[in-house]
file target_32.cif (mmCIF, C-alpha atoms)
data_start
loop_
_atom_site.label_atom_id
_atom_site.label_comp_id
_atom_site.auth_asym_id
_atom_site.auth_seq_id
_atom_site.Cartn_x
_atom_site.Cartn_y
_atom_site.Cartn_z
CA MET A 73 99.18 66.60 3.28
CA ASP A 74 97.38 68.02 6.31
CA ASN A 75 95.20 70.07 3.99
CA GLN A 76 94.35 66.97 1.94
CA ILE A 77 93.31 65.07 5.08
CA LYS A 78 91.22 68.05 6.17
CA ASN A 79 89.57 68.19 2.74
CA ALA A 80 88.86 64.45 2.88
CA GLU A 81 87.34 64.84 6.36
CA GLU A 82 85.18 67.72 5.15
CA SER A 83 84.09 65.72 2.10
CA PHE A 84 83.06 62.80 4.29
CA GLU A 85 81.18 65.19 6.58
CA ILE A 86 79.24 66.50 3.56
CA ILE A 87 78.44 62.93 2.46
CA LYS A 88 77.41 62.05 6.05
CA THR A 89 75.04 65.05 6.18
CA MET A 90 73.62 64.03 2.80
CA ILE A 91 73.00 60.47 4.03
CA GLU A 92 71.40 61.69 7.29
CA ASN A 93 69.09 64.06 5.41
CA GLU A 94 68.11 61.30 3.00
CA LYS A 95 67.33 59.07 5.99
CA VAL A 96 64.77 61.64 7.22
CA ARG A 97 63.17 61.64 3.77
CA ILE A 98 63.15 57.86 3.38
CA ASN A 99 61.83 57.27 6.92
CA GLU A 100 58.91 59.67 6.45
CA ASN A 101 55.97 57.27 6.55
CA GLY A 102 53.21 59.88 6.46
CA PHE A 103 51.96 59.05 9.96
CA VAL A 104 52.15 62.63 11.26
CA TYR A 105 50.20 64.00 8.28
CA LEU A 106 47.55 61.29 8.57
CA PHE A 107 47.27 61.77 12.33
CA TRP A 108 46.71 65.54 12.08
CA GLY A 109 44.55 65.18 8.99
CA TRP A 110 42.09 62.82 10.63
CA LEU A 111 42.18 64.74 13.92
CA VAL A 112 41.25 68.00 12.17
CA ILE A 113 38.42 66.26 10.31
CA PHE A 114 37.18 64.74 13.57
CA ALA A 115 37.32 68.14 15.32
CA ALA A 116 35.52 69.87 12.42
CA LEU A 117 32.78 67.23 12.39
CA LEU A 118 32.48 67.37 16.18
CA GLN A 119 32.05 71.14 15.98
CA TYR A 120 29.27 70.71 13.38
CA VAL A 121 27.52 68.12 15.55
CA LEU A 122 27.77 70.39 18.63
CA MET A 123 26.66 73.41 16.61
CA PHE A 124 23.55 71.67 15.24
CA SER A 125 22.83 70.26 18.71
CA GLY A 126 22.51 73.82 19.96
CA VAL A 127 25.77 73.96 21.94
CA LYS A 128 26.88 77.61 21.97
CA GLN A 129 30.55 76.92 22.64
CA SER A 130 30.86 74.41 19.79
CA HIS A 131 34.33 75.72 18.90
CA TYR A 132 35.63 74.02 22.04
CA ALA A 133 35.72 70.90 19.86
CA TRP A 134 39.06 72.22 18.59
CA PHE A 135 40.60 71.75 22.02
CA ILE A 136 41.09 68.17 20.89
CA MET A 137 44.03 69.53 18.85
CA LEU A 138 45.77 70.30 22.13
CA LEU A 139 45.58 66.60 23.04
CA GLY A 140 47.01 65.85 19.60
CA GLY A 141 49.92 68.20 20.31
CA ILE A 142 50.66 66.45 23.61
CA PHE A 143 50.56 63.06 21.87
CA MET A 144 52.98 64.36 19.21
CA VAL A 145 55.50 65.49 21.84
CA PHE A 146 55.61 61.92 23.24
CA TYR A 147 55.63 60.41 19.74
CA PHE A 148 58.67 62.43 18.64
CA ARG A 149 60.48 61.89 21.92
CA LYS A 150 60.16 58.16 21.37
CA LYS A 151 61.01 58.34 17.66
CA HIS A 152 64.02 60.68 17.92
CA GLY A 153 65.50 59.41 21.15
CA SER A 154 69.03 60.06 19.85
CA PRO A 155 70.52 63.53 20.41
CA SER A 156 71.74 63.92 16.82
CA ILE A 157 68.73 64.78 14.64
CA PRO A 158 69.74 65.61 11.05
CA LEU A 159 69.31 69.16 9.77
CA THR A 160 66.25 68.36 7.64
CA GLY A 161 64.55 66.80 10.66
CA LYS A 162 65.41 69.79 12.84
CA VAL A 163 64.12 72.30 10.29
CA LEU A 164 60.88 70.32 9.91
CA SER A 165 60.43 70.13 13.70
CA TYR A 166 60.95 73.87 14.18
CA ILE A 167 58.60 74.76 11.34
CA TRP A 168 55.76 72.60 12.68
CA ILE A 169 56.27 73.39 16.38
CA PHE A 170 56.12 77.14 15.75
CA THR A 171 53.35 76.89 13.16
CA GLY A 172 51.31 74.87 15.65
CA LEU A 173 52.04 77.25 18.51
CA ASN A 174 51.11 80.32 16.45
CA ILE A 175 47.86 78.74 15.29
CA PHE A 176 46.96 77.61 18.80
CA ILE A 177 47.76 80.96 20.48
CA PHE A 178 45.97 82.99 17.81
CA ALA A 179 42.91 80.74 17.54
CA PHE A 180 42.30 80.30 21.27
CA LEU A 181 43.50 83.60 22.71
CA PHE A 182 42.58 86.06 19.97
CA PRO A 183 39.56 84.59 18.13
CA ILE A 184 37.62 87.88 18.29
CA THR A 185 40.59 89.90 17.02
CA GLY A 186 41.04 87.33 14.26
CA GLY A 187 37.37 87.59 13.33
CA ASN A 188 36.73 86.90 9.66
CA LEU A 189 40.45 86.36 9.06
CA LEU A 190 40.82 83.61 11.67
CA LEU A 191 40.66 80.66 9.29
CA PHE A 192 42.64 82.58 6.67
CA PHE A 193 45.51 82.87 9.14
CA ILE A 194 45.30 79.19 10.14
CA LEU A 195 45.15 77.81 6.58
CA ALA A 196 47.78 80.23 5.25
CA MET A 197 50.22 79.15 7.99
CA LEU A 198 49.39 75.48 7.43
CA GLY A 199 49.80 75.91 3.69
CA VAL A 200 53.20 77.57 3.92
CA ALA A 201 54.49 74.98 6.45
CA THR A 202 53.24 72.18 4.18
CA ILE A 203 54.93 73.71 1.12
CA ILE A 204 58.26 74.03 3.00
CA SER A 205 57.94 70.43 4.27
CA GLY A 206 57.30 69.26 0.71
CA ALA A 207 60.36 71.14 -0.53
CA LEU A 208 62.57 69.67 2.23
CA LEU A 209 61.27 66.14 1.69
CA ARG A 210 61.30 66.64 -2.09
CA PHE A 211 57.71 65.41 -2.21
CA SER A 212 55.55 67.19 -4.76
CA TRP A 213 52.19 65.98 -3.32
CA LEU A 214 52.92 68.01 -0.17
CA ILE A 215 53.85 71.09 -2.21
CA ILE A 216 50.65 70.82 -4.29
CA GLY A 217 48.57 70.21 -1.12
CA GLY A 218 50.17 73.21 0.57
CA VAL A 219 49.42 75.46 -2.41
CA ILE A 220 45.76 74.32 -2.45
CA CYS A 221 45.56 74.94 1.32
CA ASN A 222 47.00 78.41 0.76
CA ILE A 223 44.46 79.17 -1.98
CA LEU A 224 41.62 77.94 0.25
CA ALA A 225 42.86 80.36 2.93
CA TYR A 226 41.89 83.20 0.59
CA VAL A 227 38.56 81.50 -0.20
CA THR A 228 37.64 81.77 3.51
CA ILE A 229 37.83 85.58 3.28
CA LEU A 230 35.10 85.47 0.63
CA THR A 231 32.82 82.94 2.36
CA HIS A 232 30.53 82.92 5.38
CA PRO A 233 32.01 81.29 8.53
CA VAL A 234 29.30 78.63 8.38
CA TYR A 235 31.22 77.07 5.46
CA TRP A 236 34.57 77.18 7.23
CA GLY A 237 34.24 73.64 8.56
CA VAL A 238 33.79 72.27 5.03
CA ILE A 239 36.66 74.41 3.70
CA SER A 240 38.90 73.18 6.54
CA ILE A 241 38.08 69.58 5.68
CA VAL A 242 38.84 70.11 1.98
CA ALA A 243 42.12 71.88 2.85
CA ILE A 244 43.16 69.07 5.17
CA ILE A 245 42.31 66.40 2.60
CA PHE A 246 44.70 68.06 0.13
CA ALA A 247 47.40 69.21 2.56
CA ASP A 248 47.49 66.23 4.93
CA LEU A 249 45.49 63.17 3.96
CA ILE A 250 46.40 62.75 0.27
CA PRO A 251 50.13 63.45 0.85
CA GLY A 252 50.01 61.29 4.00
CA TYR A 253 48.65 58.26 2.16
CA MET A 254 51.05 58.86 -0.77
CA LEU A 255 54.00 59.09 1.66
CA ARG A 256 52.86 55.86 3.31
CA ALA A 257 52.72 54.08 -0.04
CA LYS A 258 56.16 55.46 -0.97
CA TYR A 259 57.58 54.43 2.42
CA ARG A 260 56.31 50.87 1.96
CA ASN A 261 57.74 50.79 -1.56
CA GLN A 262 61.19 52.09 -0.57
CA ASN A 263 61.53 50.00 2.56
CA VAL A 264 61.81 46.80 0.59
CA MET B 222 90.90 44.33 9.91
CA TYR B 223 89.43 46.38 7.07
CA LYS B 224 85.79 46.09 6.14
CA GLU B 225 85.17 44.59 2.72
CA LEU B 226 83.77 47.00 0.15
CA ASP B 227 80.29 46.11 -1.05
CA PRO B 228 80.76 44.47 -4.50
CA ILE B 229 77.35 45.73 -5.67
CA LEU B 230 78.36 49.34 -5.06
CA HIS B 231 82.01 48.86 -5.97
CA SER B 232 81.44 49.47 -9.67
CA PRO B 233 81.86 52.98 -11.13
CA LEU B 234 78.45 53.28 -12.79
CA ARG B 235 76.47 51.64 -9.99
CA LEU B 236 78.22 53.83 -7.44
CA ALA B 237 77.51 56.91 -9.55
CA ILE B 238 73.81 55.97 -9.81
CA VAL B 239 73.45 55.31 -6.08
CA SER B 240 75.37 58.51 -5.19
CA LEU B 241 73.05 60.55 -7.42
CA LEU B 242 69.99 58.93 -5.83
CA VAL B 243 71.28 59.57 -2.29
CA LYS B 244 71.81 63.21 -3.17
CA GLY B 245 68.64 63.74 -5.20
CA GLY B 246 66.15 61.20 -3.85
CA GLU B 247 64.85 59.95 -7.18
CA PHE B 248 65.45 60.45 -10.87
CA ASP B 249 63.95 59.26 -14.10
CA PHE B 250 65.91 57.03 -16.46
CA ASN B 251 66.80 59.81 -18.93
CA THR B 252 68.14 62.12 -16.21
CA LEU B 253 70.33 59.31 -14.86
CA LYS B 254 71.56 58.65 -18.39
CA GLU B 255 72.33 62.31 -18.91
CA LYS B 256 74.08 62.75 -15.56
CA THR B 257 76.22 59.62 -15.80
CA GLY B 258 76.96 59.87 -19.52
CA ALA B 259 76.43 56.11 -19.83
CA THR B 260 74.56 54.28 -22.58
CA SER B 261 70.93 53.20 -22.12
CA GLY B 262 71.92 49.53 -22.30
CA ASN B 263 74.60 49.85 -19.65
CA ILE B 264 72.35 51.81 -17.30
CA SER B 265 69.55 49.25 -17.72
CA VAL B 266 71.90 46.41 -16.78
CA GLN B 267 73.25 48.24 -13.71
CA LEU B 268 69.76 49.30 -12.59
CA LYS B 269 68.62 45.70 -12.79
CA LYS B 270 71.54 44.59 -10.61
CA LEU B 271 70.82 47.31 -8.07
CA GLU B 272 67.12 46.43 -8.07
CA GLU B 273 67.86 42.73 -7.58
CA ALA B 274 70.04 43.65 -4.59
CA GLY B 275 67.09 45.65 -3.19
CA TYR B 276 69.11 48.88 -3.26
CA ILE B 277 66.72 50.78 -5.51
CA THR B 278 63.07 50.72 -6.52
CA ILE B 279 61.98 51.11 -10.13
CA GLU B 280 58.55 52.33 -11.16
CA LYS B 281 57.52 52.09 -14.78
CA SER B 282 54.67 54.14 -16.20
CA PHE B 283 53.59 55.98 -19.35
CA GLN B 284 53.84 59.71 -19.90
CA LYS B 285 52.28 61.08 -23.08
CA ASN B 286 52.26 57.56 -24.54
CA TYR B 287 55.99 57.11 -23.91
CA PRO B 288 57.39 54.69 -21.34
CA HIS B 289 58.71 56.46 -18.26
CA THR B 290 60.98 54.93 -15.62
CA ASP B 291 61.42 56.43 -12.15
CA VAL B 292 64.28 55.22 -9.98
CA ALA B 293 64.53 55.81 -6.21
CA ILE B 294 66.90 54.66 -3.50
CA SER B 295 65.53 52.15 -0.97
CA LYS B 296 66.24 52.03 2.75
CA LYS B 297 68.49 49.01 2.16
CA GLY B 298 70.37 50.92 -0.55
CA LEU B 299 70.87 53.92 1.69
CA THR B 300 72.22 51.73 4.50
CA ALA B 301 74.55 49.96 2.06
CA PHE B 302 75.84 53.30 0.76
CA GLU B 303 76.43 54.51 4.32
CA GLU B 304 78.40 51.35 5.11
CA TYR B 305 80.38 51.74 1.88
CA VAL B 306 81.31 55.33 2.80
CA ASN B 307 82.25 54.25 6.34
CA ALA B 308 84.47 51.48 4.95
CA LEU B 309 86.21 54.01 2.70
CA LYS B 310 86.71 56.29 5.69
CA ASP B 311 88.38 53.41 7.53
CA TYR B 312 90.68 52.77 4.57
CA LEU B 313 91.65 56.43 4.43
CA GLY B 314 91.93 56.75 8.19
CA VAL B 315 89.81 59.90 8.37
#

call {"tool": "encode", "arguments": {"input": "target_32.cif", "output": "structure tokens"}}
result
Amino acid sequence: MDNQIKNAEESFEIIKTMIENEKVRINENGFVYLFWGWLVIFAALLQYVLMFSGVKQSHYAWFIMLLGGIFMVFYFRKKHGSPSIPLTGKVLSYIWIFTGLNIFIFAFLFPITGGNLLLFFILAMLGVATIISGALLRFSWLIIGGVICNILAYVTILTHPVYWGVISIVAIIFADLIPGYMLRAKYRNQNV
Amino acid sequence: MYKELDPILHSPLRLAIVSLLVKGGEFDFNTLKEKTGATSGNISVQLKKLEEAGYITIEKSFQKNYPHTDVAISKKGLTAFEEYVNALKDYLGV
């Protein structure tokens, strides 16, 4: 009898985990992807404007991403105020926090070491994180976007850095903006 | 005082459909039919009831000139399923 009760408790725990994970999926409204997508496009365009205006340190435009990171910390603190974040949510948070940190540290502290592989590293990391997010959220647009981003990472090895801004924009459109808008449409549809 | 079980979910086929959707996010009509072993007519009726209750969303399209139906759980459906499971837990005292 005790074993049966224990089995029932375990079964309910499994169902509870399933429900919590599904909540993460169903509550994904695409905001984070749209926010980062538009921020990257803004930073890339700002860099182009600075570059063509003769500013030597035009890459400082990317420091705007740091402000985006600070905003995200406050956004998630407000959104996930409760201490019990489901596993899917936790995995997604860890993936993006460490992807972001790696990109930031590498791009701002080791840009010379990165050299011609700098954007390859950034887009490859973004691509992989996007693919994993798509798999966790069971959202094929994110997986496709992540794969395209990953392919574009290799394209940067073959192209001159002057085209990197355009490649970044294309990668972000596929990895962030299209999935972001699709997630938003899906969210609106499912939250009837 | 025990919570009342949701009559929309308290039907074997509807509960099976919603459980599958909670676990798998979304399925097309044929997969649901295959997984539940129910007839097309019966599934259509139950899907309509679930859709009317706002528990699922149904998207109809065409794939290779054949009609294709995608079914997904809604936020309302997920909440209802969670309440149903909690009510069962209360009944069982676990």

call {"tool": "closest_atom_pairs", "arguments": {"input": "target_32.cif", "of": "chain A", "to": "chain B", "cutoff": "9 Å", "atoms": "all atoms listed in the file", "output": "Markdown table"}}
result
| residue | atom | partner | partner_atom | distance |
| --- | --- | --- | --- | --- |
| A:Ile77 | CA | B:Val315 | CA | 7.1 |
| A:Lys78 | CA | B:Val315 | CA | 8.6 |
| A:Ala80 | CA | B:Val315 | CA | 7.2 |
| A:Glu81 | CA | B:Val315 | CA | 5.9 |
| A:Phe84 | CA | B:Lys310 | CA | 7.6 |
| A:Ile87 | CA | B:Val306 | CA | 8.1 |
| A:Lys88 | CA | B:Glu303 | CA | 7.8 |
| A:Met90 | CA | B:Lys244 | CA | 6.3 |
| A:Ile91 | CA | B:Val243 | CA | 6.6 |
| A:Glu94 | CA | B:Val243 | CA | 6.4 |
| A:Lys95 | CA | B:Leu299 | CA | 7.6 |
| A:Arg97 | CA | B:Gly246 | CA | 8.2 |
| A:Ile98 | CA | B:Lys296 | CA | 6.6 |
| A:Asn99 | CA | B:Lys296 | CA | 8.0 |
| A:Leu209 | CA | B:Gly246 | CA | 8.9 |
| A:Arg210 | CA | B:Gly246 | CA | 7.5 |
| A:Tyr259 | CA | B:Ser295 | CA | 8.9 |
| A:Asn261 | CA | B:Thr278 | CA | 7.3 |
| A:Gln262 | CA | B:Ser295 | CA | 4.4 |
| A:Asn263 | CA | B:Lys296 | CA | 5.1 |
| A:Val264 | CA | B:Gly275 | CA | 6.6 |

call {"tool": "atom_distance", "arguments": {"input": "target_32.cif", "atom1": "CA of Ile244 in chain A", "atom2": "CA of Phe248 in chain B"}}
result
28.8 Å

call {"tool": "residues_around", "arguments": {"input": "target_32.cif", "residues": "Phe114 in chain A", "least_positions_apart": "6", "cutoff": "10 Å", "atoms": "all atoms listed in the file", "output": "ChimeraX atom specification"}}
result
/A:108,120,133-134,136-137,241

call {"tool": "write_last_selection", "arguments": {"input": "target_32.cif", "atoms": "C-alpha atoms", "output": "PDB file, in the frame of the given file"}}
result
ATOM      1  CA  TRP A 108      46.710  65.540  12.080  1.00  0.00           C
ATOM      2  CA  TYR A 120      29.270  70.710  13.380  1.00  0.00           C
ATOM      3  CA  ALA A 133      35.720  70.900  19.860  1.00  0.00           C
ATOM      4  CA  TRP A 134      39.060  72.220  18.590  1.00  0.00           C
ATOM      5  CA  ILE A 136      41.090  68.170  20.890  1.00  0.00           C
ATOM      6  CA  MET A 137      44.030  69.530  18.850  1.00  0.00           C
ATOM      7  CA  ILE A 241      38.080  69.580   5.680  1.00  0.00           C
TER       8      ILE A 241
END

call {"tool": "resolve_selection", "arguments": {"input": "target_32.cif", "expression": "the PyMOL selection byres ((chain A and resi 178-187) around 12)", "output": "NGL selection string"}}
result
:A and (131-135 or 137-138 or 170-177 or 188-195 or 197 or 228-229 or 232-233)

call {"tool": "closest_residue", "arguments": {"input": "target_32.cif", "among": "A:Thr160, A:Gln119, A:Pro251, A:Leu230", "to": "Ile215 in chain A", "atoms": "all atoms listed in the file"}}
result
A:Pro251

call {"tool": "atom_distance", "arguments": {"input": "target_32.cif", "atom1": "CA of Ile264 in chain B", "atom2": "CA of Ser282 in chain B"}}
result
17.9 Å

call {"tool": "resolve_selection", "arguments": {"input": "target_32.cif", "expression": "the PyMOL selection byres ((chain B and resi 290) around 6)", "output": "PDB file with C-alpha atoms, in the coordinates of the input"}}
result
ATOM      1  CA  ASP B 249      63.950  59.260 -14.100  1.00  0.00           C
ATOM      2  CA  PHE B 250      65.910  57.030 -16.460  1.00  0.00           C
ATOM      3  CA  GLU B 280      58.550  52.330 -11.160  1.00  0.00           C
ATOM      4  CA  LYS B 281      57.520  52.090 -14.780  1.00  0.00           C
ATOM      5  CA  HIS B 289      58.710  56.460 -18.260  1.00  0.00           C
ATOM      6  CA  ASP B 291      61.420  56.430 -12.150  1.00  0.00           C
TER       7      ASP B 291
END

call {"tool": "atom_distance", "arguments": {"input": "target_32.cif", "atom1": "CA of Arg260 in chain A", "atom2": "CA of Trp213 in chain A"}}
result
16.5 Å

call {"tool": "resolve_selection", "arguments": {"input": "target_32.cif", "expression": "the PyMOL selection byres ((chain B and resi 253-262) around 9)", "output": "ChimeraX atom specification"}}
result
/B:234,237-238,241,248-252,263-267,292

call {"tool": "closest_residue", "arguments": {"input": "target_32.cif", "among": "A:Val227, A:Gly140, A:Thr202, A:Val219", "to": "Trp110 in chain A", "atoms": "all atoms listed in the file"}}
result
A:Gly140

call {"tool": "residues_around", "arguments": {"input": "target_32.cif", "residues": "range 222-232 of chain B", "least_positions_apart": "6", "cutoff": "7 Å", "atoms": "all atoms listed in the file", "output": "VMD selection string"}}
result
chain B and resid 305 308 312

call {"tool": "closest_residue", "arguments": {"input": "target_32.cif", "among": "A:Ile167, A:Lys162, A:Met123, A:Ile220", "to": "Val234 in chain A", "atoms": "all atoms listed in the file"}}
result
A:Met123
